[in-house]
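Chemist: What follows is a structure written as structure tokens; I'll ask about it next.
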Amino acid sequence: MLQILYITQIIISVLVSVTVLLQNKGTGLSATFGGDFSGFHTKRGFEKFLMTATTILGALFIINAFVIFVISTTS
């Protein structure tokens with residue numbers, strides 16, 4: 001059981017990394033200091049899917065880590 005949870009944790013962590021890296025937040029460091037202002041931008045399509053997937057995968061990562069912790073301390 002614990003081995004399955006470990007493998008699941010690795011898969012979720014890779015998927016979280018991929019979804020975070022696929023998100024395009026700006027043109028780099030110049031956007032941080034006011035070099036790029038595009039106003040209010042609503043998320044649509046694939047960008048909205050990536051944001052939702054990242055949130056869900058992050059929650060699954062935390063839940064899985066907690067379950068691994070509980071199982072490993074009770075055994």
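Letters A, B, ... go to the chains of the structure tokens in the order shown; residues in each chain start at 1; ligands are counted from 1 in the same order.
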Near Leu60 of chain A, within 10 Å and counting only C-alpha atoms, which residues show up once chain neighbours fewer than 2 positions away are dropped, as a ChimeraX atom specification?
Modeler: /A:8-9,12-13,16,54-58,62-66
Chemist: Produce a file of the selected residues containing C-alpha atoms, as a JSON list (two decimals), in the first residue's frame.
Modeler:
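Final file, part-v1.json:
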[["chain", "number", "residue", "atom", "x", "y", "z"],
["A", 8, "THR", "CA", 1.47, 8.20, -6.83],
["A", 9, "GLN", "CA", 3.32, 11.01, -5.03],
["A", 12, "ILE", "CA", 1.66, 13.90, -8.95],
["A", 13, "SER", "CA", 4.84, 15.88, -8.31],
["A", 16, "VAL", "CA", 2.49, 19.62, -10.86],
["A", 54, "THR", "CA", -2.40, 22.95, -11.00],
["A", 55, "THR", "CA", -4.75, 23.71, -8.11],
["A", 56, "ILE", "CA", -6.24, 20.21, -8.09],
["A", 57, "LEU", "CA", -2.86, 18.50, -8.42],
["A", 58, "GLY", "CA", -1.44, 20.65, -5.61],
["A", 62, "ILE", "CA", -0.78, 17.62, -0.03],
["A", 63, "ILE", "CA", -3.48, 15.04, 0.69],
["A", 64, "ASN", "CA", -1.30, 12.19, -0.54],
["A", 65, "ALA", "CA", 1.65, 13.42, 1.53],
["A", 66, "PHE", "CA", -0.57, 13.56, 4.61]]
Chemist: For Thr74 of chain A, find every residue with an atom within 12 Å (counting only C-alpha atoms), except residues of its own chain fewer than 6 positions away, and show them as a list in words.
Modeler: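 Answer for this query is Leu2, Val67 and Ile68 of chain A.
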